[in-house]
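Source file: protein_29.txt (compact mmCIF, C-alpha atoms)
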# COMPACT_ATOMS: atom_id res chain seq x y z
CA MET A 15 2.70 60.73 -105.52
CA ILE A 16 3.98 63.90 -107.18
CA ALA A 17 7.42 63.05 -105.80
CA LEU A 18 7.21 59.61 -107.40
CA ILE A 19 6.23 61.05 -110.80
CA LEU A 20 9.07 63.59 -110.60
CA ARG A 21 11.56 60.87 -109.66
CA ASP A 22 10.48 58.68 -112.59
CA LEU A 23 10.76 61.63 -114.99
CA ARG A 24 14.22 62.41 -113.66
CA LEU A 25 15.25 58.77 -114.05
CA ALA A 26 13.90 58.68 -117.60
CA ILE A 27 16.00 61.61 -118.79
CA ARG A 28 19.20 60.46 -117.06
CA ALA A 29 21.58 58.17 -118.93
CA GLY A 30 20.12 54.74 -119.55
CA GLY A 31 16.61 55.83 -118.62
CA GLY A 32 15.12 54.78 -121.96
CA PHE A 33 13.41 58.11 -122.68
CA GLY A 34 14.32 58.12 -126.39
CA GLN A 35 13.65 54.42 -126.95
CA GLY A 36 10.03 54.72 -128.05
CA LEU A 37 10.68 57.84 -130.12
CA ALA A 38 13.58 56.15 -131.92
CA PHE A 39 11.37 53.15 -132.66
CA LEU A 40 8.63 55.34 -134.18
CA LEU A 41 11.20 57.28 -136.21
CA ILE A 42 12.72 54.07 -137.60
CA LEU A 43 9.29 52.72 -138.50
CA ALA A 44 8.17 55.92 -140.22
CA THR A 45 11.44 56.10 -142.16
CA LEU A 46 11.53 52.48 -143.28
CA ILE A 47 7.89 52.04 -144.35
CA PRO A 48 8.20 54.37 -147.40
CA LEU A 49 11.41 52.56 -148.35
CA ALA A 50 9.73 49.17 -148.09
CA VAL A 51 6.42 50.11 -149.72
CA GLY A 52 7.73 52.61 -152.25
CA PRO A 53 7.41 56.40 -152.15
CA ARG A 54 3.94 56.55 -153.68
CA ALA A 55 1.60 59.00 -151.98
CA ASP A 56 -1.54 57.16 -153.17
CA LEU A 57 -0.32 54.00 -151.39
CA LEU A 58 1.11 55.60 -148.25
CA ALA A 59 -1.43 58.29 -147.37
CA PRO A 60 -4.39 55.94 -146.70
CA VAL A 61 -2.37 53.69 -144.35
CA ALA A 62 -0.35 56.44 -142.69
CA PRO A 63 -2.65 57.03 -139.67
CA GLY A 64 -2.82 53.29 -138.99
CA VAL A 65 0.94 52.84 -139.35
CA LEU A 66 1.74 55.72 -137.01
CA TRP A 67 -0.80 54.45 -134.50
CA LEU A 68 0.67 50.95 -134.64
CA GLY A 69 4.14 52.42 -134.24
CA ALA A 70 3.07 54.43 -131.19
CA LEU A 71 1.41 51.37 -129.67
CA LEU A 72 4.46 49.13 -130.11
CA ALA A 73 6.77 51.92 -128.93
CA SER A 74 4.76 52.26 -125.75
CA LEU A 75 4.89 48.48 -125.28
CA LEU A 76 8.72 48.54 -125.46
CA SER A 77 9.20 50.31 -122.15
CA LEU A 78 6.48 48.52 -120.17
CA ASP A 79 8.61 45.82 -118.58
CA ARG A 80 10.67 48.55 -116.89
CA VAL A 81 7.69 50.11 -115.12
CA PHE A 82 7.83 48.00 -111.96
CA ALA A 83 10.68 45.55 -112.61
CA LEU A 84 13.46 48.07 -111.88
CA ASP A 85 11.78 49.19 -108.67
CA LEU A 86 11.37 45.58 -107.56
CA GLU A 87 15.03 44.81 -108.28
CA ASP A 88 16.46 47.58 -106.14
CA GLY A 89 13.92 47.22 -103.33
CA SER A 90 12.14 50.53 -103.99
CA LEU A 91 8.83 48.76 -104.60
CA ASP A 92 8.91 47.11 -101.16
CA LEU A 93 9.70 50.45 -99.58
CA LEU A 94 6.93 52.19 -101.53
CA ALA A 95 4.50 49.50 -100.41
CA THR A 96 5.34 50.21 -96.75
CA SER A 97 5.09 53.98 -97.25
CA PRO A 98 2.03 56.12 -96.46
CA VAL A 99 1.33 56.40 -100.21
CA PRO A 100 -1.43 53.88 -100.98
CA ALA A 101 -0.68 51.22 -103.61
CA GLU A 102 -3.39 52.80 -105.77
CA GLY A 103 -1.46 56.06 -105.66
CA VAL A 104 1.75 54.28 -106.63
CA ALA A 105 -0.04 52.64 -109.58
CA LEU A 106 -1.53 55.97 -110.69
CA ALA A 107 1.82 57.78 -110.40
CA LYS A 108 3.64 55.02 -112.29
CA ALA A 109 1.10 55.06 -115.14
CA ALA A 110 1.16 58.86 -115.31
CA ALA A 111 4.97 58.89 -115.41
CA HIS A 112 4.93 56.23 -118.15
CA TRP A 113 2.56 58.36 -120.22
CA LEU A 114 4.64 61.51 -119.69
CA THR A 115 7.80 59.70 -120.83
CA THR A 116 6.34 57.71 -123.75
CA GLY A 117 2.77 58.64 -124.71
CA LEU A 118 3.20 62.41 -124.64
CA PRO A 119 6.49 62.48 -126.64
CA LEU A 120 4.95 60.06 -129.17
CA THR A 121 1.86 62.29 -129.49
CA LEU A 122 4.09 65.27 -130.20
CA ALA A 123 6.43 63.40 -132.56
CA ALA A 124 3.88 61.51 -134.67
CA PRO A 125 2.53 64.60 -136.54
CA ALA A 126 6.13 65.57 -137.36
CA LEU A 127 6.64 62.15 -138.91
CA GLY A 128 3.34 62.26 -140.86
CA PRO A 129 4.82 63.94 -143.97
CA LEU A 130 7.32 61.04 -144.28
CA LEU A 131 4.28 58.85 -144.95
CA SER A 132 2.64 61.42 -147.28
CA LEU A 133 -0.02 62.23 -144.71
CA PRO A 134 -1.72 65.50 -145.77
CA ALA A 135 -1.16 68.45 -143.46
CA SER A 136 -4.91 68.75 -142.77
CA ALA A 137 -4.82 65.29 -141.12
CA LEU A 138 -1.99 66.04 -138.69
CA PRO A 139 -4.09 67.76 -135.96
CA TRP A 140 -6.52 64.82 -135.98
CA LEU A 141 -3.64 62.36 -135.67
CA ALA A 142 -2.28 64.32 -132.71
CA LEU A 143 -5.73 64.51 -131.10
CA SER A 144 -6.33 60.77 -131.51
CA LEU A 145 -2.95 59.96 -129.94
CA LEU A 146 -3.52 62.45 -127.12
CA LEU A 147 -6.85 60.76 -126.35
CA GLY A 148 -5.66 57.18 -126.83
CA THR A 149 -2.12 56.91 -125.45
CA PRO A 150 -3.08 57.40 -121.76
CA ALA A 151 -5.13 54.20 -122.06
CA LEU A 152 -2.04 52.42 -123.39
CA SER A 153 -0.02 53.53 -120.35
CA PHE A 154 -2.69 52.59 -117.81
CA ILE A 155 -3.38 49.17 -119.40
CA GLY A 156 0.36 48.59 -119.72
CA THR A 157 1.02 49.49 -116.10
CA PHE A 158 -1.63 46.99 -115.06
CA GLY A 159 0.10 44.31 -117.17
CA ALA A 160 3.47 45.27 -115.69
CA GLY A 161 2.01 44.90 -112.20
CA LEU A 162 0.66 41.47 -113.06
CA THR A 163 4.00 40.19 -114.33
CA VAL A 164 6.36 41.94 -111.90
CA GLY A 165 8.72 39.47 -110.28
CA LEU A 166 8.41 36.92 -113.06
CA LYS A 167 11.67 35.96 -114.71
CA ARG A 168 11.54 36.93 -118.39
CA GLY A 169 8.01 38.19 -117.93
CA SER A 170 8.14 40.56 -120.89
CA LEU A 171 6.78 38.02 -123.40
CA LEU A 172 3.89 37.22 -121.07
CA LEU A 173 3.39 40.94 -120.53
CA SER A 174 3.06 41.52 -124.30
CA LEU A 175 0.64 38.62 -124.64
CA LEU A 176 -1.50 39.93 -121.78
CA VAL A 177 -1.50 43.54 -122.83
CA LEU A 178 -1.82 43.41 -126.62
CA PRO A 179 -5.42 42.11 -126.70
CA LEU A 180 -6.40 44.86 -124.26
CA TYR A 181 -4.77 47.43 -126.55
CA ILE A 182 -6.97 46.48 -129.52
CA PRO A 183 -10.01 48.71 -128.80
CA THR A 184 -7.74 51.72 -128.26
CA LEU A 185 -5.91 50.96 -131.51
CA VAL A 186 -9.10 50.43 -133.51
CA PHE A 187 -10.85 53.62 -132.40
CA GLY A 188 -7.68 55.73 -132.24
CA ALA A 189 -6.61 54.86 -135.78
CA GLU A 190 -10.22 55.22 -136.99
CA LEU A 191 -10.41 58.70 -135.47
CA ALA A 192 -7.18 59.71 -137.21
CA ARG A 193 -8.32 58.18 -140.52
CA ARG A 194 -11.72 59.87 -140.44
CA GLY A 195 -10.11 63.16 -139.52
CA ALA A 196 -7.78 62.81 -142.50
CA THR A 197 -10.61 62.09 -144.95
CA GLY A 198 -13.15 64.52 -143.51
CA LEU A 199 -15.71 61.91 -142.42
CA PRO A 200 -17.88 62.42 -139.30
CA LEU A 201 -15.82 61.45 -136.26
CA LEU A 202 -18.05 61.69 -133.22
CA THR A 203 -18.28 57.91 -132.69
CA PRO A 204 -14.53 57.09 -132.63
CA LEU A 205 -13.91 60.30 -130.68
CA ALA A 206 -16.41 59.36 -127.98
CA LEU A 207 -15.29 55.72 -127.79
CA SER A 208 -11.59 56.60 -127.73
CA GLY A 209 -12.09 59.12 -124.94
CA GLY A 210 -14.42 56.76 -123.10
CA ILE A 211 -11.93 53.90 -123.11
CA THR A 212 -9.18 56.16 -121.80
CA LEU A 213 -11.35 57.64 -119.03
CA GLY A 214 -12.53 54.18 -118.05
CA CYS A 215 -8.95 52.92 -117.87
CA ILE A 216 -7.83 55.87 -115.73
CA ALA A 217 -10.77 55.39 -113.38
CA VAL A 218 -10.57 51.61 -112.88
CA LEU A 219 -7.09 50.30 -113.63
CA PRO A 220 -5.11 51.95 -110.77
CA PHE A 221 -7.24 49.91 -108.35
CA ALA A 222 -6.67 46.70 -110.32
CA THR A 223 -2.94 47.43 -110.55
CA ALA A 224 -2.75 48.04 -106.80
CA ALA A 225 -4.52 44.74 -106.13
CA VAL A 226 -2.13 42.70 -108.30
CA LEU A 227 0.90 44.52 -106.84
CA ARG A 228 -0.18 43.58 -103.32
CA VAL A 229 -0.47 39.94 -104.38
CA ASN A 230 2.90 39.98 -106.17
CA LEU A 231 4.80 41.57 -103.26
CA ARG A 232 3.85 38.86 -100.74
CA MET B 28 4.28 49.52 -75.30
CA THR B 29 5.29 50.55 -78.78
CA LEU B 30 4.61 47.33 -80.61
CA SER B 31 3.08 44.13 -79.39
CA VAL B 32 1.79 41.15 -81.32
CA THR B 33 0.34 37.90 -80.10
CA ASN B 34 -0.52 34.70 -81.89
CA LEU B 35 0.81 35.91 -85.23
CA SER B 36 1.12 33.38 -88.04
CA CYS B 37 3.22 34.21 -91.07
CA ARG B 38 3.44 32.73 -94.51
CA ARG B 39 6.16 32.66 -97.13
CA GLY B 40 4.60 32.07 -100.51
CA GLU B 41 1.80 29.61 -99.79
CA ALA B 42 3.51 27.84 -96.89
CA VAL B 43 2.86 28.81 -93.28
CA VAL B 44 6.35 29.04 -91.75
CA LEU B 45 5.73 30.67 -88.36
CA ARG B 46 2.86 30.10 -85.97
CA GLY B 47 1.91 31.61 -82.62
CA VAL B 48 4.54 34.34 -82.72
CA ARG B 49 4.41 36.45 -79.57
CA LEU B 50 6.67 39.46 -79.26
CA SER B 51 6.62 42.90 -77.82
CA VAL B 52 9.06 45.75 -77.89
CA ALA B 53 8.79 48.74 -75.57
CA ARG B 54 9.64 52.40 -76.19
CA GLY B 55 13.40 52.79 -76.26
CA ALA B 56 14.05 49.04 -76.46
CA ALA B 57 15.49 46.81 -79.13
CA LEU B 58 14.62 43.22 -79.94
CA VAL B 59 17.16 41.04 -81.74
CA LEU B 60 15.81 38.15 -83.80
CA ARG B 61 18.03 35.06 -83.90
CA GLY B 62 17.73 31.83 -85.76
CA PRO B 63 19.48 29.92 -88.53
CA ASN B 64 19.03 30.90 -92.18
CA GLY B 65 15.55 30.01 -93.34
CA ALA B 66 14.07 30.11 -89.83
CA GLY B 67 11.66 32.84 -90.89
CA LYS B 68 13.31 36.06 -89.68
CA THR B 69 12.79 37.83 -93.00
CA THR B 70 9.25 36.45 -93.26
CA LEU B 71 8.44 37.75 -89.78
CA LEU B 72 9.84 41.21 -90.55
CA ARG B 73 8.00 41.42 -93.90
CA THR B 74 4.77 40.43 -92.14
CA LEU B 75 5.28 43.07 -89.44
CA ALA B 76 6.00 45.64 -92.17
CA GLY B 77 2.69 44.82 -93.84
CA LEU B 78 4.24 43.48 -97.04
CA THR B 79 2.90 39.98 -96.47
CA PRO B 80 -0.57 39.74 -94.94
CA PRO B 81 -0.52 37.65 -91.75
CA VAL B 82 -2.40 34.34 -91.74
CA SER B 83 -3.67 35.22 -88.29
CA GLY B 84 -3.00 37.98 -85.77
CA ASP B 85 -2.81 41.76 -86.17
CA VAL B 86 0.12 43.91 -87.19
CA ALA B 87 0.57 47.68 -87.21
CA PRO B 88 2.53 48.43 -90.38
CA GLU B 89 1.79 52.16 -90.29
CA ARG B 90 4.12 52.49 -87.28
CA CYS B 91 6.96 50.45 -88.75
CA ALA B 92 9.83 51.44 -91.05
CA TYR B 93 11.24 48.47 -92.97
CA ALA B 94 14.76 48.07 -94.34
CA GLY B 95 15.32 44.87 -96.27
CA HIS B 96 18.25 43.37 -98.15
CA ALA B 97 17.98 45.92 -100.99
CA ASP B 98 18.65 49.60 -100.36
CA GLY B 99 16.04 51.14 -102.67
CA LEU B 100 18.62 53.39 -104.33
CA LYS B 101 18.60 54.23 -108.04
CA ALA B 102 22.01 54.09 -109.71
CA GLN B 103 21.34 57.28 -111.71
CA LEU B 104 20.20 59.43 -108.77
CA THR B 105 22.46 61.14 -106.26
CA VAL B 106 22.24 60.31 -102.57
CA GLY B 107 20.71 63.73 -101.91
CA GLU B 108 18.02 63.21 -104.55
CA ALA B 109 17.23 59.75 -103.19
CA LEU B 110 16.91 61.02 -99.61
CA ARG B 111 14.74 63.98 -100.62
CA PHE B 112 12.53 61.59 -102.63
CA TRP B 113 11.99 59.26 -99.68
CA ALA B 114 11.46 62.23 -97.37
CA ALA B 115 8.70 63.50 -99.71
CA ILE B 116 7.11 60.04 -99.89
CA PHE B 117 7.08 59.74 -96.11
CA GLY B 118 5.59 63.16 -95.44
CA GLY B 119 8.28 65.73 -96.14
CA ALA B 120 10.69 65.52 -93.21
CA ASP B 121 13.97 67.47 -93.29
CA VAL B 122 16.83 65.28 -94.55
CA GLY B 123 19.41 66.99 -92.28
CA PRO B 124 19.18 64.65 -89.26
CA ALA B 125 19.37 61.55 -91.48
CA VAL B 126 22.44 62.92 -93.27
CA ARG B 127 24.18 63.67 -89.97
CA ALA B 128 23.26 60.34 -88.37
CA PHE B 129 24.93 58.35 -91.16
CA ASP B 130 27.66 60.87 -92.05
CA LEU B 131 26.44 61.26 -95.63
CA GLU B 132 27.40 64.91 -96.12
CA PRO B 133 30.38 64.17 -98.45
CA LEU B 134 28.24 61.75 -100.51
CA LEU B 135 25.17 63.94 -101.13
CA ASP B 136 26.13 64.85 -104.70
CA ARG B 137 27.48 61.45 -105.68
CA ARG B 138 25.34 59.16 -107.78
CA ALA B 139 24.48 55.82 -106.19
CA ALA B 140 26.24 54.02 -109.05
CA GLU B 141 29.55 55.47 -107.84
CA LEU B 142 29.16 54.42 -104.20
CA SER B 143 30.80 51.44 -102.54
CA ALA B 144 28.57 48.71 -101.10
CA GLY B 145 29.01 50.07 -97.58
CA GLN B 146 28.21 53.64 -98.62
CA LYS B 147 25.05 52.43 -100.39
CA ARG B 148 24.01 50.58 -97.25
CA ARG B 149 24.45 53.75 -95.17
CA ALA B 150 22.42 55.78 -97.66
CA GLY B 151 19.72 53.09 -97.64
CA LEU B 152 19.54 52.99 -93.86
CA ALA B 153 19.41 56.79 -93.58
CA ARG B 154 15.93 56.49 -95.08
CA LEU B 155 14.76 55.00 -91.76
CA VAL B 156 15.34 58.32 -90.01
CA LEU B 157 13.25 60.09 -92.68
CA THR B 158 10.20 57.90 -92.15
CA GLY B 159 9.59 59.34 -88.70
CA ARG B 160 8.12 55.99 -87.67
CA PRO B 161 8.79 54.67 -84.17
CA VAL B 162 9.56 50.99 -84.90
CA TRP B 163 12.49 50.14 -87.17
CA LEU B 164 12.36 46.67 -88.74
CA LEU B 165 15.89 45.83 -89.84
CA ASP B 166 16.77 42.76 -91.87
CA GLU B 167 20.53 42.07 -91.69
CA PRO B 168 21.29 45.81 -91.58
CA THR B 169 25.06 45.40 -91.19
CA VAL B 170 25.65 43.40 -94.38
CA SER B 171 28.58 45.01 -96.26
CA LEU B 172 29.31 47.52 -93.47
CA ASP B 173 32.87 47.60 -92.07
CA THR B 174 33.61 47.72 -88.34
CA ASP B 175 33.63 51.54 -88.22
CA ASN B 176 30.30 51.75 -89.97
CA VAL B 177 28.78 49.02 -87.81
CA THR B 178 29.74 51.17 -84.82
CA ARG B 179 28.23 54.24 -86.46
CA PHE B 180 25.08 52.27 -87.31
CA ALA B 181 24.81 51.00 -83.72
CA ALA B 182 25.14 54.61 -82.57
CA ALA B 183 22.29 55.63 -84.92
CA ILE B 184 20.12 52.86 -83.47
CA ARG B 185 20.96 53.94 -79.90
CA ALA B 186 20.05 57.53 -80.79
CA HIS B 187 16.76 56.30 -82.22
CA LEU B 188 16.07 54.27 -79.07
CA ALA B 189 17.03 57.19 -76.83
CA GLY B 190 14.53 59.33 -78.75
CA GLY B 191 11.72 56.98 -77.73
CA GLY B 192 11.81 54.72 -80.79
CA SER B 193 12.31 51.00 -80.88
CA ALA B 194 13.81 48.44 -83.22
CA ILE B 195 13.42 44.81 -84.23
CA ILE B 196 16.65 43.60 -85.78
CA ALA B 197 17.47 40.33 -87.51
CA THR B 198 21.25 40.07 -87.35
CA HIS B 199 24.12 37.69 -86.72
CA VAL B 200 26.46 40.53 -85.75
CA ASP B 201 26.79 41.80 -82.19
CA LEU B 202 25.77 45.45 -82.43
CA GLY B 203 26.72 46.17 -78.82
CA LEU B 204 23.13 46.86 -77.82
CA THR B 205 23.65 45.61 -74.28
CA ASP B 206 20.06 45.97 -73.10
CA ALA B 207 18.48 44.38 -76.18
CA THR B 208 16.35 41.31 -75.64
CA THR B 209 16.85 38.32 -77.90
CA LEU B 210 14.12 36.27 -79.49
CA ASP B 211 14.77 32.90 -81.09
CA VAL B 212 12.51 32.67 -84.12
CA GLY B 213 13.06 28.91 -84.35
CA GLN B 214 10.65 28.26 -81.45
CA PHE B 215 7.71 29.44 -83.58
CA ALA B 216 8.48 27.17 -86.54
CA ALA B 217 5.22 25.85 -87.96
CA GLY B 218 4.72 22.16 -88.41
CA THR B 219 2.18 21.06 -90.96
CA ALA B 220 -0.56 23.48 -91.87
CA THR B 221 -4.00 23.10 -90.38
CA MET B 222 -7.41 23.91 -91.79
CA GLN B 223 -7.59 26.80 -89.33
CA ASP B 224 -4.62 28.61 -90.90
CA ASP B 225 -5.93 28.38 -94.38
CA PRO B 226 -8.82 26.37 -95.76
CA PHE B 227 -6.76 25.65 -98.86
CA ALA B 228 -3.57 24.74 -97.01
CA GLU B 229 -3.97 21.01 -97.61
CA ALA B 230 -4.26 21.59 -101.30
CA VAL B 231 -0.98 23.46 -101.59
CA GLU B 232 1.33 21.70 -99.12
Transcribe the structure of this file into structure tokens.
Amino acid sequence: MIALILRDLRLAIRAGGGFGQGLAFLLILATLIPLAVGPRADLLAPVAPGVLWLGALLASLLSLDRVFALDLEDGSLDLLATSPVPAEGVALAKAAAHWLTTGLPLTLAAPALGPLLSLPASALPWLALSLLLGTPALSFIGTFGAGLTVGLKRGSLLLSLLVLPLYIPTLVFGAELARRGATGLPLLTPLALSGGITLGCIAVLPFATAAVLRVNLR
Amino acid sequence: MTLSVTNLSCRRGEAVVLRGVRLSVARGAALVLRGPNGAGKTTLLRTLAGLTPPVSGDVAPERCAYAGHADGLKAQLTVGEALRFWAAIFGGADVGPAVRAFDLEPLLDRRAAELSAGQKRRAGLARLVLTGRPVWLLDEPTVSLDTDNVTRFAAAIRAHLAGGGSAIIATHVDLGLTDATTLDVGQFAAGTATMQDDPFAEAVE
């Protein structure tokens, strides 16, 4: 499993691995929004946490169709399925590698992009915390969706349709946590729900992903 | 007896394509699967490898190493990285014997994207040695190998057999395995599905 995570990390940073894709998307979004809306702090600051959260969510969606499709294409997925590593372990490793290559860089980059959207400095730690808590859920839900659609021709539209509704709770509570942190409101409820969703996803979804992979590899 | 199955039924998608398959392969022996395209050779190998659950009968996938049409190599990784990855996945064997068996020493630092089709095939097949599993399931292993490499591949199989392993090979090429038994897959072709195979068979066929 560790070997699989390390291989996916190595693939991501090699040429054509798509490591910078999500980061570039978030950067473009954070740069263009002030241009489109106008550089007014009173307009931008209230929506900034939501915009950055939406950007991180869509950026993480971008790389989902690569999670299993590339391994299916070159036969690695068949070979992994016949290996001593259980399918649950493969699903867990794949989701962890996806988070390390998209969720973690986005978590680190989003606070740096906050000032572009006039987000006050006091809000940046809360934004980072909300992304750190929420993005693993995005990777685990996304990996499940990728497992469901692996092997389908042009499955990426279906993948987005399947995954986006499941992303909504994470988006709602993640953005709410960042917004409350920015404005100094009590934040126990979104904090607990955000963390709870992520822990639930990590606990349950590798098993679901393994089940759909087994069906899809037949 | 290394591997023995009786009364195995296999499906491809929803259709039952093979029924009542009976085969056995002893330690140090090879079994060559014959049959026209579409007879079910790949289906049988995928079922034995545990990728497709059998409709009936028992298989032992934990003792089988499967090599299909694709080599499982990543274009961006070197041959050495790929072999060490598969070695780690299959329990951390030393890659040395696999490298020697398929003469991969000069290719270890080359990325798979730069390899010829035959070199990729050799690198893909070297993975079999790393699995440490006794039964090799080979689906058209000699595709894109030239005569020299077919000979080298046959030698690797003979070395595996001499070491107490066994192999089930679907191939149209004569590998020069003189003592291999041949099994015609066509004789197990399934007719129409019955309720016994699958209660829903009637609905899908």
Q. Expressed in Å to a single decimal, how great is the separation between CA of Ala94 in chain B and CA of Leu165 in chain B?
A. 5.2 Å
Q. For chain B against chain A, which residues fall within 6 Å using only C-alpha atoms, given as a list in words?
A.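 So the contacting residues turn out to be Leu78, Thr79, Ala97 and Gly99 of chain B.
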**Q.** Polymer residues at most 12 Å from Ala196 in chain A, all atoms listed in the file, same-chain spacing of 5 or more positions, as JSON, numbers by chain
**A.** {"A": [59, 60, 61, 62, 63, 64, 128, 132, 133, 134, 135, 136, 137, 138, 139, 140, 141, 142, 143, 144, 189, 190, 191, 201]}
Q | Distance in Å - CA of Ala109 in chain A versus CA of Ala206 in chain A | A |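 Interatomic distance, CA of Ala109 in chain A to CA of Ala206 in chain A: 22.1 Å.
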Q: Measure the distance from CA of Pro81 in chain B to CA of Ala56 in chain B in Å and round it to one decimal.
A: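 Pair CA of Pro81 in chain B / CA of Ala56 in chain B returns 24.0 Å.
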